[in-house]
Each structure stands twice: as structure tokens, then as C-alpha cells.
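The structure appears below as C-alpha cells.
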There are 2 protein chains.
Amino acid sequence: MPLGDVSARSKRFFMDDHIKQDLIDIVGESNYTDSLIDMVSYSYDASEHRGRPFCAVWGETAEQIVEIMKLANREKIPVIPRGAGTSLSGMTVPARGGIVLDTSRMNRIIKISIDDRLAVVQPGVIYADLERALAPYGFFFPPDPASGKVCTLGGNVATNAGGMKGAKYGTTRDYVLGLQVVLPDGRIMRTGSNAMKSVSGYDLTRLFVGSEGTLGTVTEITFKINPKPTAGSTAVATFNNLEDAGRAVSEIMHSGVIPSVLEILGRETISAINENTDLALPEVDAMLLAETDGYTREETEYQMQKIIDVFNGNHPMEVKKAGSEAEAAELWKARKSAYAVLARIKTHFVLEDVTVPMAKVPDLLKGIREIAGKYNILIATFGHAGDGNLHPQILYDGYDPDQVKRMEDAVADLFKLAIDLGGTLTGEHGIGLSKAPYMSLEHDATAMDVMRGIKRMFDPNNILNPGKMALDNEQ
Amino acid sequence: MPLGDVSARSKRFFMDDHIKQDLIDIVGESNYTDSLIDMVSYSYDASEHRGRPFCAVWGETAEQIVEIMKLANREKIPVIPRGAGTSLSGMTVPARGGIVLDTSRMNRIIKISIDDRLAVVQPGVIYADLERALAPYGFFFPPDPASGKVCTLGGNVATNAGGMKGAKYGTTRDYVLGLQVVLPDGRIMRTGSNAMKSVSGYDLTRLFVGSEGTLGTVTEITFKINPKPTAGSTAVATFNNLEDAGRAVSEIMHSGVIPSVLEILGRETISAINENTDLALPEVDAMLLAETDGYTREETEYQMQKIIDVFNGNHPMEVKKAGSEAEAAELWKARKSAYAVLARIKTHFVLEDVTVPMAKVPDLLKGIREIAGKYNILIATFGHAGDGNLHPQILYDGYDPDQVKRMEDAVADLFKLAIDLGGTLTGEHGIGLSKAPYMSLEHDATAMDVMRGIKRMFDPNNILNPGKMALDNEQ
């Protein structure tokens, strides 16, 4: 179900007073809450899902989390690990009540070692704080989620967060060298290594990356970091039909370069920006924003010229290249405003992140338009054309049951479309609650069985973030 | 045990005639062998381990492999998936007899889609054949194992193969988008997606990458591919003491660039090359070979100048920069000859691949020298300084029990050293049989338990490549 209070439809657990006391004994009075206002806050994340916990604790050490998990496992109470709660898929919503385990107070950058090209952090460190800490060394952590100013790195690991630089730099999983994890039964484990390369045993590290807090609670992360490029170039092209824009994306792949950014804005998004800002964009079918990076001007210009040649060969309305950083910032304005502008148009929205093989981006855009027409609902699309990851934002009035129904049907069609095009339900937001009912569209019965087997092996009592990722259905 | 016929010390399985007939019914007469000469060939890989199978079959389709696994699972006969048999850790040695499942005839490149930036291959495709097929498009598959001319891509996936470009481009796991796999019970499964990004469910793809053929047999692989850089620069520096070379490696990390290659040769390796070739290298403590790449000369020169500045600041004996491709090839000669030169010096050798955090490379080199002294055995080292992955090659006479014993003790010390330095047993060769006894040095009891649990879940009868990775010990 893409919407609604899941907990109301699920088995509920209630908590005895002695459990409350045990939790306070573990984390201390100041790290425990069951006040109504806190419980309401913890019922939400950035998705449209709701589910109220019984209490929340802030874990401050791995040892505390060990004790919390032992207690919860013994009492069979759900535990929902949570960072900043920026999940767009309901990953951090307490679908079945239980204890929210907030790791945001574990926010220490333990070590930055440029010699070893790594950073060791606690899970509650904010993405932007790590970026700030790395900047003086000329280093950065490439996967840059749009929520970077507030999201925690533990959440980034749980979601395998991506961002605009995915095509060139990959996603979080490509940078996690090792983890410390507390398992659902309270055992503590280290995975991976501080070495840049290791093939020692199964890749437990990446089993946890993207596991949405269903297998364990990450208490320490070792990231590989990269030297930051020192030069960049930015350009924008507008196209009066989707086919031209789509062909341009494909031809950029053939041009021999990978842009560090290749974003697309669809017509509905452009219109919404024009109606709600003073940007006065041309009302076209698609706008592409490209960035190249490197160490020298020659390198970024060489790459950008390849891209501009492709733009020019595909009937653009206009191609603009930034001549300065200020001009680049100007070109970025439309893209940067998209999410916020769209979020304000109706009372509610869902932001999807279907992802398809790149050559299918135009088909996906056309299909989205057809779905919007079929259900008479506004879907505005933007996203990462460079890795086939689009964000259709579906705008509706959540107080109108008919609109809610049409939104839900549109979302279901959207997922079917992405899978029919050879794609995936989610490029970077995760399955959570939103896409759990659609998992079998993408994964065959054996893969679903294997995933459920892994979940059962780690968490036989199904206490850690239960109800997510379709792991406990139809067993 | 680093050496010896493991199968002789393990439970043996014998095969009835009806099983032979069943296998022939599945794969056909021409894809079955139990001739002595074939069985002897299949007893080996590139490691020092030996173990004779009962028969070998060439699988030609996933459906045949499904039937083979169903049969083997029913009869509880070990199955050892095998590509080119280039494993340096005994990964493809039939430690407990059984059926070798040779996938080298599944050697079709199914699809190259530049638009989608991917290639789909069967597991028996040779690495170099994929490279050749990608070259006309200006693309390449970056992880480049030294055995690239003969190794199969299925083996690369099973080992998470690395190579000289790991520091800049990562290893095989960073490029596998999806797999088709036949599980030990004969079920067939797809993992991952044809999209560049996906966070849909657990990362089953990377659970198989590096799993050494113990969880399933890969029957199809989808790889992300990269546009190939069109410019490069090469330089070599020699140092009269290790500390200077080690400091140079660390300072290159601080310089803000990542060389595409940063190789090191130790004194013993240099001496061996001088004694066995006409290269006449300076007899120094360490030689560093660096390469930078990009699209433009300015970019590669900018990066190389940073590196040369670091070389010059650390008391080099000599720094040479290639002015042409011919000069670059000249500088590469020493590095390229290392393995083959060393392999010929004694009757036997083991090639290790311990890997440490980069700043520990000098400590590792010093420690290796101490171990060589302690056991009075020749250890010559070269490897990938840019990601901390060194290859100490231990040379000995395998017909002299005393030397064998000293080699084994030296290897044990070497593993302890790497772990003490915060490193890993293996950067790119895998655990196989060679490092199985040392797994617990690196992994805590919980991690070992989890790995064994995963193995049991996939393969309760322990029929798929049993005896590797310490997965069935001490359960």
C-alpha cells in the first residue's frame, strides 16, 4: 500500500512498564522518551506513511544498542533504527509500533586518514558535516543525496543513497569499506576492512548497505573518500520534444565521456517552476543540465564540448554554457528548485524514483505522461538521466479520497512501466513500505525466497524494522 | 594448510555408474569426461593445492546446470564450478573430489549496449575477449587482473578480481549490475537489474561477487562498462630506502590526485629481475611506477606533475618520465616481468596478496623482510601500492620438506602481520584453500558464524565447492 497508517493494519505490540525501566537503565533518563509529541514526530518520515512507536531511545554507544537489542529480542518488541528520518519510502516509519532507536546522537567523525584514503564515522554524522570536515584536505564523499544537509550517514548506508553524481561516481555502496553492526540478537560484528581492497569471505558489508535497517543497526562506518575535482564546466540544453532529449542522452554515452551530472527536467516540472518562481524558463518538453569535472580546464572543456556537440546534433531549442561560476549557479537554479516548487503545489505528493536502462529514459518519460493522462493526475518529472534514475513527483490532494485512489493506481502503473522497461522499482530511495507490495514485480520467487531466508537467519523473531521490503509476507 | 593434497585428508565421495549416465544424459557425451589425463588437469589451479575430481562436465546452458545441481544435491556429490582455473588460492581445486563443472564453453558475449552502458556475458567469456569486443566502441571493463588474457569473467566475479587499476577504478564488484545464478538446489535466480542504480531489496548480486563459487554457479553477468580514457602519462622513481618510498605513496594521496596505476617493486624483486633479464635496473630498495589517465594531455600531465613533485620531495635516486608510448613501455618492462621472473627462480612459489591501509605499506614491506630473515627464505615483493595490495612471492624448493615447512611458517607470519597492521588476508586472490585456516585471524566469531549461516542457508548439504573459505569448519 503506497499510503496510510500501516500499523493500524498490523499486529501491535504493547510494552510493559518494566521494559520502559529496562530501557532507561540502558540509555539513561535523558535518552528515553515516550511523550506524545515525540511519538507523533517519530510516526513520520519524508514519505506519506505513518505509524506510531511506543517509545524512542537515543543510542549513544554500540554497547547500549547491544543491550537494547537483547531486551527487544527477548521481549519480541519491534525496533526501528532511525537517523534523520528523511526516508522517502517509509523506511523509518514504525509500521508495527515498538521502539524507535535514534542514532542521531552518535554523531562523531572518529577519524579522517588521508594517508589511508578513508574516514571512519558514527552513523549519526550528517552527510554535510562529513563534507565540511573533508573539504580542508581537498577530499569529498561522492554520493551526494539531495537531503545531504540533514540526512545521516547511517541512513545513507541503510538506503545505499545515491545522488546527482551517481553516473560518474557510483552510490554509497561503492564507498563503504567496512562496518560495525549490532545484530538483532545483540551480537556485535565487524565487516570489511580498513584496506582499500578485500575479498576475504562473503561481502557482508554490502549485504548491510541498502538493507534498510532490517538486518542490523550500523554503529560505525568506514568510508573510502576521493580527492575532489578542482575544475568543472556546466551547460544546459532545451528540447522541444522528448525523443530529441532522449537521443541526446544515448549519444552522450557514445561520445566517450561520462558527465559528472546529467539531469533532466520534464515539461510539467518546467511549467510548475515557471508558475511558481520568476525563472521564466522556455516551455519545452525537456531540459538537460550537464556538468563535467576534472583537474584542468582543458579536461572539463574537452568533455563538455563532446556533450555540446551531441546537444547541437539533436535539434535543441537552445544550448547555454556557463562562462563563470555565477552563470553556472544560474543554470542550476531550475533543477535545484524543482522538488520544493512541486512539493508546494498540492496538499500532498509522492516522489518516486523508478530507474531504467538509460536508452529507455524517453520511453519512461512518455509512459509517465500517459499514466498522468489516464488517471487525470499531475505528475511532474525530473531526475538523473545519466544513470536512468527519474523522479516522477505525483501531486494530489490527500484529503480527497478519489485523488488518493487515482494517485495509488498511477503509482502502481508507474512501477509496472519501469519493470516492463527492464528497470527497477527504486534507484536510490529504497523499498521501505511504499514499494513493498511491488517487490515481486521485480524479483523472481527464488530471489524473494532468498531475501526472506536471509532476514529470517539474522532476525528469526522479525523484530528489526519489521514490515519493510516485503520480507515477512507470504512466507 | 597452505600446501598439499587436501582431498586426501577429507571425506571422499564415490560416484556410481548411474550418476555418470545421468550426467551424460544432461550435458551430452562430448561434454563429459572422466579420463585420467583430464582428471589430473582438473586437480590443479594456479595455486599449490591439488585434489582430484571424479569427473568433469562442461555446462553449456543454465538449464543443464540446473539439472546437474539437482542431481548432485540429491546424491550429495560435491560440484566445483570452474572457469580457466587461474585461481591462486586453490578456489577451483576439487578439495573433496566430486564433479568439476566447467563453464568455459559458455563463452558468448550476449549483448553490448553502449546506450545503456552495459555488457551482458556468459561466465566463460575470457576477460581479454570482452576487452577486444569493447575496444571499437571506445569502452573498457576496468578491473584488469594480471591473468586477463586467459581468465574467465565468471571467475572474476567469483573472486571479485582486481588488478593494477583498483585504486582509481575499483574492482569487479563495482561493475556487476546483475547476475543469473543457479543455486545449489538447482533453483535459478536473477539478481540486480539492467539499470545503473538499484536499491531494490538486499544486494544479492554482491553476495555472489567474491563468494568463490560456494553459493551458486553464475550463468550470466551484466557488467557496467566505462568509456576508455584517451590520454595517459607514465613515470618511474627509484628510492634507496623504503621509508622514502612509503612516504611518497602517502604524500601522493595528499596531493589531490589518484594515479590510475601506482605499483611498487621491492629490492628482492629488482635483484631477481636484474639476475634474470638484461634490464639492468638500479639495485634500490624500492621502485614506484605511476600512471595517470584522462582525456587530455593537460589533465594527465597535471596529475603526473603532482606525483613527480612528491617523488622529488622524498629523496629519489632517480625519476624518469616517459616522453612517448615507447618510453612508457620501457618503464613498464620491470613491473611486467616480475611475476614470471620470480616464478622461475625456485621449483615452487606461493604468491600472496596481503593488503593493508595504505600508510602501512612501508611497515608491511619491512615486516616481510623480517619474516624472510627469520625463516631464511626468499620473499620478493611487488604489487599495488596505490591501494595497499602487495604481492609477496615466496620462493622455495617444494621437494625439500624443510623449505616447505619454513615457507608455511613464513606465510602464517605474513598473514598475522597483515592483520596486525589493520589489513586483510587477501586483496584480490580470495580465500580458497590457502587462507581458509586463517579466516578467524581477520573475522570475529560473529562474522564467521554469519558467513557459515549464509552458506548453510544456500547449500545445506554443503555440495557446492566445499572446503573453501573455512565455511564448514567448527560449526
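Letters A, B, ... go to the chains of the C-alpha cells in the order shown; residues in each chain start at 1; ligands are counted from 1 in the same order.
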
Spatial neighbours of stretch 88-105 of chain B, 6 Å, only C-alpha atoms, chain gap at least 3 places, as an MDAnalysis selection string: chainID B and resid 6:7 12 43:44 46:47 49 51:59 77:83 124 432:434

Interface residues on chain B facing chain A, 6 Å, only C-alpha atoms, written as a PyMOL selection string: chain B and resi 115-116+189+194-200+202-203+207+211+227+250+253+256+296+299+356-359+387+423+426-428+430-431+446-447

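Atom to atom, atom CA of A:Ser35 and atom CA of A:Pro184 stand 25.7 Å apart.
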
In stretch 44-241 of chain B, DSSP helix (DSSP H, G or I) residues written as a ChimeraX atom specification: /B:62-75,127-137,153-159,166-169,172-174,204-208

Non-local contacts of stretch 132-135 of chain B (9 Å; only C-alpha atoms; under 4 positions in same chain excluded) as a VMD selection string: chain B and resid 109 112 119 127 to 128 139 to 141 225 228

For atom CA of B:Glu275 and atom CA of B:Asp397, the interatomic separation in Å (one decimal): 18.7 Å

Within 8 Å of stretch 363-375 of chain B using only C-alpha atoms, minus same-chain residues under 2 positions, as a ChimeraX atom specification: /B:242,266,356,360-361,377-379,381,392,406-407,409-410,413-414,417-418,421

Which of A:Asn156, A:Asn461, A:Gln393, A:Gln305 sits closest to A:His348 [using only C-alpha atoms]: A:Gln393

Strand (DSSP E) positions in stretch 165-320 of chain B, given as JSON, numbers by chain: {"B": [176, 177, 178, 179, 180, 181, 182, 188, 189, 190, 191, 192, 217, 218, 219, 220, 221, 222, 223, 224, 226, 227, 231, 232, 233, 234, 235, 236, 237, 238, 239, 261, 262, 263, 264, 265, 266, 286, 287, 288, 289, 290, 291, 292, 293, 294, 316, 317, 318, 319, 320]}

Å distance separating atom CA of A:Met287 from atom CA of A:Lys149, one decimal place: 25.9 Å

Distance criterion (only C-alpha atoms): nearest to A:Thr277 out of A:Ala245, A:Met317, A:Ala334, A:Ala385: A:Ala334

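Compared by their closest atoms to B:Tyr42, and using only C-alpha atoms, the residues B:Thr86, B:Thr222, B:Ser30, B:Gln180 rank with B:Thr86 nearest.
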
8 Å contact set for stretch 271-274 of chain A, only C-alpha atoms, chain neighbours under 2 positions out, as a PyMOL selection string: chain A and resi 267-269+276-281+283+334+337-338+341-342

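Take the candidates B:Gly85, B:Glu131, B:Ala235, B:Val182 and check each one against B:Met69 using only C-alpha atoms; the shortest distance goes to B:Val182.
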
Residue neighbourhood A:Glu263, 8 Å, only C-alpha atoms, exclusion window fewer than 3 positions, as a count of residues only: 10
